[in-house]
$ cat target.cif   # mmCIF, C-alpha atoms and all ligand atoms
data_entry
#
loop_
_atom_site.label_atom_id
_atom_site.label_comp_id
_atom_site.auth_asym_id
_atom_site.auth_seq_id
_atom_site.Cartn_x
_atom_site.Cartn_y
_atom_site.Cartn_z
CA MET G 1 -0.81 -9.81 -23.27
CA LYS G 2 0.02 -11.95 -20.25
CA LEU G 3 0.03 -10.23 -16.85
CA LEU G 4 1.83 -11.47 -13.74
CA LEU G 5 0.10 -9.95 -10.70
CA THR G 6 1.37 -10.61 -7.17
CA GLY G 7 -0.48 -9.75 -3.97
CA ALA G 8 -3.87 -10.50 -5.58
CA THR G 9 -5.34 -11.43 -2.18
CA GLY G 10 -4.25 -8.08 -0.69
CA PHE G 11 -5.81 -4.63 -0.78
CA VAL G 12 -4.15 -3.11 -3.84
CA GLY G 13 -3.68 -6.41 -5.70
CA GLN G 14 -7.34 -7.33 -5.35
CA ASN G 15 -8.50 -3.98 -6.70
CA LEU G 16 -5.98 -4.30 -9.54
CA LEU G 17 -7.11 -7.82 -10.38
CA LEU G 18 -10.76 -6.74 -10.59
CA ALA G 19 -9.83 -3.80 -12.84
CA ALA G 20 -7.54 -5.93 -15.05
CA LEU G 21 -10.25 -8.59 -15.46
CA ALA G 22 -12.87 -5.95 -16.24
CA SER G 23 -10.58 -4.29 -18.83
CA GLY G 24 -10.50 -7.49 -20.91
CA ARG G 25 -7.05 -6.46 -22.16
CA PHE G 26 -5.10 -9.43 -20.83
CA THR G 27 -5.40 -12.87 -22.40
CA GLU G 28 -4.01 -14.39 -19.21
CA ILE G 29 -3.58 -13.07 -15.66
CA LEU G 30 -1.23 -15.13 -13.54
CA THR G 31 -1.58 -14.70 -9.77
CA PRO G 32 0.95 -16.43 -7.50
CA VAL G 33 -0.66 -16.49 -4.02
CA ARG G 34 -0.10 -18.22 -0.68
CA ASP G 35 -3.75 -19.20 -0.34
CA PRO G 36 -5.66 -19.89 -3.59
CA GLU G 37 -8.88 -20.58 -1.62
CA LYS G 38 -8.76 -17.07 -0.18
CA LEU G 39 -8.64 -15.61 -3.68
CA THR G 40 -11.54 -17.82 -4.79
CA ARG G 41 -13.62 -16.65 -1.80
CA GLN G 42 -12.77 -13.00 -2.44
CA LEU G 43 -13.79 -13.18 -6.11
CA ALA G 44 -17.02 -14.99 -5.20
CA PHE G 45 -17.82 -12.26 -2.66
CA GLU G 46 -17.30 -9.64 -5.39
CA GLY G 47 -19.62 -11.62 -7.68
CA VAL G 48 -16.85 -12.06 -10.24
CA ASN G 49 -16.42 -15.18 -12.33
CA PRO G 50 -12.88 -14.72 -13.70
CA GLY G 51 -13.22 -17.36 -16.40
CA PRO G 52 -10.23 -18.86 -18.17
CA ALA G 53 -8.22 -15.60 -18.18
CA LEU G 54 -7.21 -16.12 -14.53
CA ARG G 55 -4.54 -18.66 -13.63
CA VAL G 56 -3.94 -18.97 -9.89
CA THR G 57 -0.60 -20.52 -8.92
CA ALA G 58 1.21 -21.26 -5.66
CA TRP G 59 3.54 -18.57 -4.30
CA GLN G 60 6.69 -20.66 -4.72
CA ASP G 61 5.84 -21.97 -8.22
CA PRO G 62 8.34 -20.99 -10.91
CA VAL G 63 7.25 -17.92 -12.87
CA PRO G 64 6.90 -18.62 -16.63
CA GLY G 65 9.20 -16.80 -19.01
CA ASP G 66 6.52 -15.57 -21.44
CA VAL G 67 4.95 -12.88 -19.24
CA THR G 68 4.55 -9.53 -21.06
CA HIS G 69 3.49 -7.33 -18.12
CA ALA G 70 4.05 -7.63 -14.37
CA VAL G 71 2.79 -5.71 -11.35
CA HIS G 72 4.30 -6.66 -8.02
CA CYS G 73 1.93 -5.79 -5.18
CA ALA G 74 2.82 -8.54 -2.69
CA GLY G 75 4.71 -7.32 0.30
CA SER G 76 5.06 -7.66 4.02
CA LEU G 77 3.87 -4.45 5.72
CA PHE G 78 3.82 -5.61 9.34
CA ALA G 79 6.36 -8.44 9.67
CA ARG G 80 7.22 -9.59 13.19
CA ASP G 81 10.93 -9.36 12.56
CA ARG G 82 13.44 -7.64 10.29
CA ALA G 83 14.53 -10.86 8.58
CA THR G 84 10.97 -11.65 7.41
CA CYS G 85 10.57 -8.12 6.08
CA PHE G 86 13.74 -8.44 4.02
CA ARG G 87 12.99 -12.02 2.86
CA VAL G 88 9.54 -11.10 1.52
CA ASN G 89 10.16 -7.55 0.31
CA VAL G 90 13.65 -8.02 -1.12
CA ASP G 91 14.49 -11.68 -1.83
CA ASP G 92 11.02 -12.77 -2.99
CA THR G 93 10.72 -9.70 -5.21
CA LEU G 94 13.97 -10.48 -7.01
CA ARG G 95 13.12 -14.21 -7.25
CA LEU G 96 9.75 -13.45 -8.84
CA LEU G 97 11.04 -10.91 -11.31
CA ALA G 98 14.28 -12.65 -12.36
CA PRO G 99 12.69 -15.08 -14.90
CA LEU G 100 10.72 -12.37 -16.71
CA PRO G 101 11.91 -11.54 -20.22
CA ALA G 102 13.81 -8.28 -20.66
CA ALA G 103 10.96 -6.96 -22.84
CA ALA G 104 8.32 -7.43 -20.10
CA ARG G 105 6.94 -4.20 -18.67
CA VAL G 106 7.41 -4.43 -14.92
CA LEU G 107 6.01 -2.16 -12.20
CA VAL G 108 6.90 -2.70 -8.54
CA LEU G 109 5.15 -1.10 -5.58
CA SER G 110 7.65 0.21 -3.07
CA SER G 111 6.52 2.72 -0.46
CA GLN G 112 6.91 6.27 0.78
CA SER G 113 8.43 4.53 3.82
CA ALA G 114 11.56 3.77 1.76
CA GLY G 115 12.26 7.52 1.64
CA GLY G 116 11.03 8.45 5.10
CA PRO G 117 9.15 11.52 6.31
CA THR G 118 9.33 15.01 4.81
CA PRO G 119 12.65 16.63 5.77
CA PRO G 120 12.19 19.26 8.54
CA GLY G 121 11.09 22.71 7.40
CA ARG G 122 10.02 21.50 3.94
CA GLU G 123 6.62 21.25 2.27
CA ALA G 124 7.31 17.93 0.55
CA ARG G 125 9.98 15.25 0.17
CA THR G 126 11.42 15.23 -3.37
CA ALA G 127 13.36 12.67 -5.40
CA ALA G 128 16.57 14.60 -4.62
CA ASP G 129 16.28 14.10 -0.83
CA LEU G 130 18.43 11.58 0.98
CA ASP G 131 16.45 8.45 1.91
CA THR G 132 15.92 8.10 5.65
CA PRO G 133 13.64 5.09 6.29
CA LEU G 134 12.55 4.72 9.91
CA THR G 135 11.34 1.12 10.10
CA TRP G 136 12.35 -2.40 9.01
CA TYR G 137 9.58 -2.10 6.43
CA GLY G 138 11.02 1.13 5.01
CA GLU G 139 14.58 -0.23 5.09
CA SER G 140 13.51 -3.39 3.27
CA LYS G 141 11.67 -1.41 0.59
CA LEU G 142 14.76 0.77 0.07
CA ALA G 143 16.97 -2.35 -0.15
CA MET G 144 14.51 -3.78 -2.69
CA GLU G 145 14.76 -0.61 -4.80
CA GLN G 146 18.56 -0.76 -4.71
CA ARG G 147 18.64 -4.44 -5.75
CA LEU G 148 16.15 -3.70 -8.55
CA ALA G 149 18.28 -0.79 -9.80
CA ALA G 150 21.21 -3.19 -10.11
CA GLU G 151 19.47 -6.37 -11.27
CA ARG G 152 16.26 -5.25 -12.99
CA PRO G 153 16.93 -1.63 -13.99
CA ASP G 154 14.04 -1.56 -16.46
CA ALA G 155 11.46 -1.98 -13.64
CA MET G 156 9.29 1.04 -12.79
CA VAL G 157 9.34 1.54 -9.03
CA TRP G 158 6.55 3.55 -7.45
CA ARG G 159 6.45 4.91 -3.91
CA PRO G 160 2.82 5.34 -2.83
CA PRO G 161 1.91 7.05 0.45
CA MET G 162 -1.18 6.03 2.43
CA ILE G 163 -3.57 4.25 0.04
CA LEU G 164 -7.27 4.40 0.89
CA GLY G 165 -10.31 2.63 -0.52
CA PRO G 166 -12.51 -0.47 -0.54
CA ARG G 167 -11.03 -3.93 0.23
CA ASP G 168 -8.41 -2.58 2.64
CA ARG G 169 -8.21 -4.38 5.95
CA ALA G 170 -5.87 -1.81 7.48
CA THR G 171 -8.41 1.02 7.78
CA LEU G 172 -11.06 -1.03 9.61
CA PRO G 173 -9.70 0.08 13.04
CA LEU G 174 -9.94 3.71 11.90
CA PHE G 175 -13.66 3.32 11.17
CA GLN G 176 -14.28 1.32 14.36
CA MET G 177 -12.64 4.06 16.41
CA ALA G 178 -14.33 6.90 14.50
CA ALA G 179 -17.73 5.30 15.15
CA GLY G 180 -17.26 5.57 18.92
CA PRO G 181 -17.59 8.51 21.30
CA LEU G 182 -13.83 8.95 21.80
CA ARG G 183 -11.29 9.02 18.98
CA ILE G 184 -7.58 8.83 19.64
CA LYS G 185 -5.07 10.85 17.66
CA PRO G 186 -1.32 10.47 18.24
CA GLY G 187 0.54 13.69 18.98
CA LEU G 188 -0.79 17.04 20.11
CA ARG G 189 -0.45 18.78 16.72
CA PRO G 190 -2.07 17.75 13.41
CA LYS G 191 0.10 15.58 11.18
CA ALA G 192 0.06 16.00 7.39
CA TYR G 193 0.02 13.06 4.99
CA SER G 194 0.08 12.45 1.27
CA TRP G 195 -2.44 9.83 0.18
CA ILE G 196 -4.05 8.32 -2.90
CA ALA G 197 -7.35 6.54 -3.58
CA VAL G 198 -6.85 2.94 -4.63
CA ASP G 199 -8.98 3.36 -7.79
CA ASP G 200 -6.76 6.25 -8.95
CA LEU G 201 -3.63 4.22 -8.23
CA VAL G 202 -4.95 1.14 -10.05
CA ARG G 203 -5.96 3.16 -13.12
CA ALA G 204 -2.52 4.79 -13.22
CA ILE G 205 -0.74 1.41 -12.88
CA LEU G 206 -2.71 -0.13 -15.74
CA HIS G 207 -2.03 2.96 -17.85
CA ALA G 208 1.71 2.94 -17.03
CA ILE G 209 2.38 -0.71 -17.84
CA GLN G 210 0.73 -0.32 -21.24
CA ASN G 211 2.43 2.99 -22.06
CA PRO G 212 5.89 2.88 -23.67
CA LYS G 213 7.25 6.12 -22.11
CA SER G 214 6.56 5.26 -18.55
CA LYS G 215 9.93 5.36 -16.74
CA ILE G 216 10.53 9.06 -16.13
CA GLU G 217 11.54 9.23 -12.46
CA ASN G 218 12.61 6.08 -10.59
CA PRO G 219 11.67 5.53 -7.84
CA MET G 220 8.71 7.86 -8.25
CA GLY G 221 6.46 9.40 -5.61
CA VAL G 222 2.79 8.69 -6.30
CA ALA G 223 0.06 10.76 -4.63
CA ALA G 224 -3.14 12.76 -5.03
CA PRO G 225 -2.60 16.54 -5.21
CA GLU G 226 -3.94 17.52 -1.77
CA PRO G 227 -2.37 16.22 1.45
CA ILE G 228 -4.66 15.53 4.41
CA THR G 229 -4.22 15.73 8.17
CA ASP G 230 -4.80 12.91 10.63
CA THR G 231 -7.51 14.99 12.30
CA GLU G 232 -9.28 15.40 8.95
CA LEU G 233 -8.97 11.67 8.22
CA ILE G 234 -10.62 10.72 11.53
CA ALA G 235 -13.31 13.40 11.23
CA THR G 236 -14.14 12.39 7.64
CA ALA G 237 -14.40 8.70 8.57
CA ALA G 238 -16.78 9.69 11.37
CA ALA G 239 -18.77 11.97 9.06
CA VAL G 240 -19.41 9.28 6.42
CA MET G 241 -20.87 7.11 9.22
CA GLY G 242 -22.84 9.96 10.75
CA ALA G 243 -20.87 9.46 14.01
CA ARG G 244 -20.39 12.28 16.48
CA GLY G 245 -17.54 11.84 18.89
CA ARG G 246 -14.65 13.78 20.36
CA THR G 247 -11.02 13.47 19.31
CA LEU G 248 -8.45 13.12 22.08
CA ALA G 249 -4.83 13.94 21.18
CA LEU G 250 -2.42 11.63 23.01
CA PRO G 251 1.14 12.89 23.66
CA HIS G 252 3.91 10.87 21.99
CA PRO G 253 5.35 9.48 25.27
CA VAL G 254 2.01 7.73 25.84
CA ILE G 255 2.20 6.18 22.36
CA ARG G 256 5.78 5.03 23.12
CA LEU G 257 4.57 3.36 26.29
CA VAL G 258 1.67 1.70 24.48
CA SER G 259 4.00 0.39 21.76
CA ALA G 260 6.31 -1.15 24.36
CA VAL G 261 3.30 -2.94 25.87
CA VAL G 262 2.11 -4.05 22.41
CA ASP G 263 5.58 -5.52 21.71
CA ALA G 264 5.54 -7.43 24.98
CA VAL G 265 2.09 -9.00 24.59
CA PRO G 266 1.81 -11.36 21.56
CA PRO G 267 -2.02 -11.07 21.13
CA LEU G 268 -1.70 -7.26 21.07
CA ARG G 269 1.09 -7.55 18.48
CA GLU G 270 -1.21 -9.63 16.30
CA GLY G 271 -4.18 -7.29 16.76
CA THR G 272 -2.39 -3.94 16.33
CA PRO G 273 0.75 -4.59 14.25
CA SER G 274 0.98 -0.88 13.38
CA LEU G 275 1.68 -0.10 17.05
CA THR G 276 4.82 -2.18 17.59
CA ARG G 277 7.91 -0.20 18.64
CA ASP G 278 9.41 -0.62 15.16
CA ARG G 279 6.27 0.50 13.28
CA ALA G 280 5.44 3.26 15.78
CA ARG G 281 8.56 5.16 14.63
CA GLU G 282 6.49 6.24 11.62
CA ILE G 283 3.79 7.67 13.89
CA PHE G 284 5.96 10.41 15.41
CA PRO G 285 7.00 12.64 12.45
CA GLU G 286 4.54 15.45 11.75
CA ARG G 287 4.85 15.51 7.98
CA TRP G 288 4.68 12.61 5.50
CA VAL G 289 4.08 14.67 2.36
CA LEU G 290 5.87 13.78 -0.86
CA ASP G 291 6.28 15.57 -4.18
CA ALA G 292 4.36 13.53 -6.76
CA SER G 293 4.25 16.17 -9.53
CA VAL G 294 5.99 13.91 -12.11
CA PHE G 295 3.45 11.17 -11.42
CA ARG G 296 0.51 13.51 -11.76
CA GLU G 297 1.81 15.10 -14.94
CA HIS G 298 2.46 11.83 -16.75
CA PHE G 299 0.26 9.13 -15.24
CA ALA G 300 -2.92 10.58 -13.77
CA VAL G 301 -5.96 9.10 -15.49
CA GLY G 302 -8.93 11.41 -14.97
CA PRO G 303 -9.56 13.56 -11.87
CA PHE G 304 -8.43 12.35 -8.44
CA ALA G 305 -11.05 11.13 -5.98
CA GLY G 306 -11.67 13.21 -2.86
CA LEU G 307 -11.25 11.97 0.69
CA SER G 308 -14.93 11.98 1.55
CA GLU G 309 -16.05 9.92 -1.45
CA THR G 310 -13.13 7.51 -0.96
CA LEU G 311 -13.95 6.90 2.70
CA ALA G 312 -17.66 6.60 1.90
CA ALA G 313 -16.87 3.86 -0.65
CA THR G 314 -14.55 2.16 1.85
CA HIS G 315 -17.22 2.25 4.55
CA ALA G 316 -19.85 0.88 2.15
CA TRP G 317 -17.55 -2.05 1.34
CA TYR G 318 -16.97 -2.83 5.05
CA VAL G 319 -20.75 -2.83 5.56
CA ARG G 320 -21.26 -5.12 2.55
CA ALA G 321 -18.54 -7.44 3.92
CA GLY G 322 -20.30 -7.52 7.31
CA GLN G 323 -17.30 -5.95 9.04
CA LEU G 324 -19.14 -2.79 10.11
CA PRO G 325 -22.82 -2.34 10.98
CA GLY G 326 -24.94 -0.73 8.25
N1 LIG W 401 -1.70 -0.01 1.73
C1 LIG W 401 -0.95 1.09 1.75
O1 LIG W 401 -1.37 2.12 2.30
C2 LIG W 401 0.42 1.07 1.07
C3 LIG W 401 1.14 2.27 1.07
C4 LIG W 401 2.37 2.30 0.41
C5 LIG W 401 2.85 1.17 -0.21
N2 LIG W 401 2.13 0.03 -0.17
C6 LIG W 401 2.69 -1.16 -0.86
O2 LIG W 401 1.74 -1.61 -1.80
C7 LIG W 401 1.79 -3.03 -1.90
C8 LIG W 401 0.40 -3.59 -1.66
O3 LIG W 401 0.00 -3.24 -0.33
P1 LIG W 401 -1.39 -3.73 0.26
O4 LIG W 401 -1.93 -2.64 1.09
O5 LIG W 401 -2.20 -4.31 -0.82
O6 LIG W 401 -0.92 -4.88 1.24
P2 LIG W 401 -1.79 -6.08 1.84
O7 LIG W 401 -3.23 -5.80 1.77
O8 LIG W 401 -1.18 -6.41 3.16
O9 LIG W 401 -1.50 -7.26 0.83
C9 LIG W 401 -0.21 -7.83 0.79
C10 LIG W 401 -0.20 -8.96 -0.20
O10 LIG W 401 1.11 -9.56 -0.13
C11 LIG W 401 0.96 -10.92 0.24
N3 LIG W 401 1.99 -11.34 1.19
C12 LIG W 401 2.26 -10.83 2.41
N4 LIG W 401 3.24 -11.51 3.01
C13 LIG W 401 3.60 -12.48 2.15
C14 LIG W 401 4.56 -13.53 2.19
N5 LIG W 401 5.34 -13.74 3.26
N6 LIG W 401 4.67 -14.36 1.13
C15 LIG W 401 3.87 -14.18 0.07
N7 LIG W 401 2.93 -13.21 -0.04
C16 LIG W 401 2.80 -12.37 0.98
C17 LIG W 401 -0.41 -11.03 0.92
O11 LIG W 401 -0.86 -12.37 0.82
P3 LIG W 401 -1.88 -12.99 1.92
O12 LIG W 401 -3.24 -12.53 1.48
O13 LIG W 401 -1.65 -14.45 1.77
O14 LIG W 401 -1.48 -12.43 3.25
C18 LIG W 401 -1.22 -10.05 0.09
O15 LIG W 401 -1.63 -10.64 -1.12
C19 LIG W 401 2.81 -3.51 -0.88
O16 LIG W 401 4.05 -3.73 -1.53
C20 LIG W 401 2.93 -2.33 0.08
O17 LIG W 401 4.22 -2.27 0.65
C21 LIG W 401 0.92 -0.05 0.45
#
$ encode --input "target.cif" --output "structure tokens" --more "lines below"
Ligand SMILES: NC(=O)c1ccc[n+]([C@@H]2O[C@H](COP(=O)([O-])OP(=O)(O)OC[C@H]3O[C@@H](n4cnc5c(N)ncnc54)[C@H](OP(=O)(O)O)[C@@H]3O)[C@@H](O)[C@H]2O)c1
Amino acid sequence: MKLLLTGATGFVGQNLLLAALASGRFTEILTPVRDPEKLTRQLAFEGVNPGPALRVTAWQDPVPGDVTHAVHCAGSLFARDRATCFRVNVDDTLRLLAPLPAAARVLVLSSQSAGGPTPPGREARTAADLDTPLTWYGESKLAMEQRLAAERPDAMVWRPPMILGPRDRATLPLFQMAAGPLRIKPGLRPKAYSWIAVDDLVRAILHAIQNPKSKIENPMGVAAPEPITDTELIATAAAVMGARGRTLALPHPVIRLVSAVVDAVPPLREGTPSLTRDRAREIFPERWVLDASVFREHFAVGPFAGLSETLAATHAWYVRAGQLPG
């Protein structure tokens, strides 16, 4: 079995690569990356010697035609402009997947952002709801899904919500803020979110690509059973660090003002890409809960991790990586 894995230097891809290597099920794992040195450093930090099973290639290298399984995790989450978002998330996806044989089992990570928030008055967004993406990122993921449906209809397309766990760079600011005396929460009311622990997602992906009956709903919402609130997320991050602060709820107009400033100041854009005016549109809805019952019925492998244990593992990794004090 020969696995093509993109995004191996990113959060999900790195966790997937470690699990795929540990499984010993793939004779070769091919990882097209922009920066092979980065991947080498990451594996060395994890104490993993990948051996001959891993073949690292350059991002633009042609993809060989004898791949049997593919998981596409590469993606641009915080591009500076709409064109980059579409180039990476749509054009590069189709370019990478086009040479794969029809028999290859392909799984592509889209995002909950392609569908948009939960429709007003509802508990959860379902597959029957009209897609209403709010950002360039969400629009590009939806465009990717539509191109895949036309050009690579066999591909399984999954829409994860917030993914949490070790090796994520995106949650470091959450822990840094939760460690301090004052924590900021956008909006005056709690917001509800679906989420999934990266280990649960990775196990389900490896199960799905090796399981012949795996395309049941496409695209498919992918989430743990219990949604969380933003207040709970911040409080749990603080609790795993033993931090005791106060949470201050900021009204949305303040967030809008901050995002306009972030857009206008390039170093702020680089430092807080989730606060640009485009990305901030996803901050305002109060419910990002999706119906993932099909996923849980058919793909869950073992019990789902809880929030506290997931954030504790994430925190421990940041400490080990020297990004947070022990
Ligand atoms: N994290 C979440 O909460 C979440 C939620 C829903 C869906 N998703 C989706 O899940 C997938 C994995 O997300 P992630 O959190 O692992 O993202 P990530 O940590 O940002 O990793 C993204 C990966 O894509 C690569 N990449 C980014 N821009 C690229 C470009 N222009 N050309 C080539 N490669 C590029 C990165 O390479 P470099 O290391 O070289 O930058 C990295 O390997 C993405 O498709 C994302 O949309 C993530």
$ closest_residue --input "target.cif" --among "G:Asp230, G:Asp154, G:Glu145, G:Asp92" --to "ligand LIG 401 (chain W)" --atoms "all atoms listed in the file"
G:Asp92
$ atom_distance --input "target.cif" --atom1 "atom CA of Tyr318 of chain G" --atom2 "atom CA of Ala53 of chain G"
27.9 Å
$ closest_atom_pairs --input "target.cif" --of "chain G" --to "ligand LIG 401 (chain W)" --cutoff "7 Å" --atoms "all atoms listed in the file" --output "tab-separated table"
residue	atom	partner	partner_atom	distance
G:Thr6	CA	W:LIG401	O15	6.8
G:Gly7	CA	W:LIG401	O15	3.2
G:Ala8	CA	W:LIG401	O15	5.0
G:Thr9	CA	W:LIG401	O15	3.9
G:Gly10	CA	W:LIG401	O9	3.2
G:Phe11	CA	W:LIG401	O5	3.6
G:Val12	CA	W:LIG401	O5	3.8
G:Gly13	CA	W:LIG401	O5	5.5
G:Val33	CA	W:LIG401	O13	6.2
G:Arg34	CA	W:LIG401	O13	4.8
G:Asp35	CA	W:LIG401	O13	5.6
G:Trp59	CA	W:LIG401	C15	6.2
G:Cys73	CA	W:LIG401	C7	4.3
G:Ala74	CA	W:LIG401	O10	3.2
G:Gly75	CA	W:LIG401	O16	4.1
G:Ser76	CA	W:LIG401	N4	4.4
G:Leu77	CA	W:LIG401	O17	5.5
G:Val88	CA	W:LIG401	N5	5.3
G:Leu109	CA	W:LIG401	O16	5.0
G:Ser110	CA	W:LIG401	O16	5.6
G:Ser111	CA	W:LIG401	C5	4.0
G:Gln112	CA	W:LIG401	C4	6.0
G:Arg159	CA	W:LIG401	C5	6.4
G:Pro160	CA	W:LIG401	C4	4.5
G:Pro161	CA	W:LIG401	C4	4.8
G:Met162	CA	W:LIG401	O1	3.9
G:Ile163	CA	W:LIG401	O1	3.8
G:Leu164	CA	W:LIG401	O1	6.5
G:Asp168	CA	W:LIG401	O7	6.2
G:Arg169	CA	W:LIG401	O7	6.7
$ residues_around --input "target.cif" --residues "segment 187-193 of chain G" --least-positions-apart "6" --cutoff "10 Å" --atoms "only C-alpha atoms" --output "NGL selection string"
:G and (117-118 or 123-124 or 161-162 or 223 or 226-233 or 248-255 or 283-290)
$ axis_aligned_box --input "target.cif" --around "segment 100-110 of chain G" --padding-each-side "6 Å" --output "JSON"
{"center_x": 9.5, "center_y": -6.1, "center_z": -13.0, "size_x": 20.7, "size_y": 24.6, "size_z": 31.8}
$ residues_around --input "target.cif" --residues "segment 127-130 of chain G" --least-positions-apart "2" --cutoff "8 Å" --atoms "all atoms listed in the file" --output "ChimeraX atom specification"
/G:115,119,125,132,219-221,291
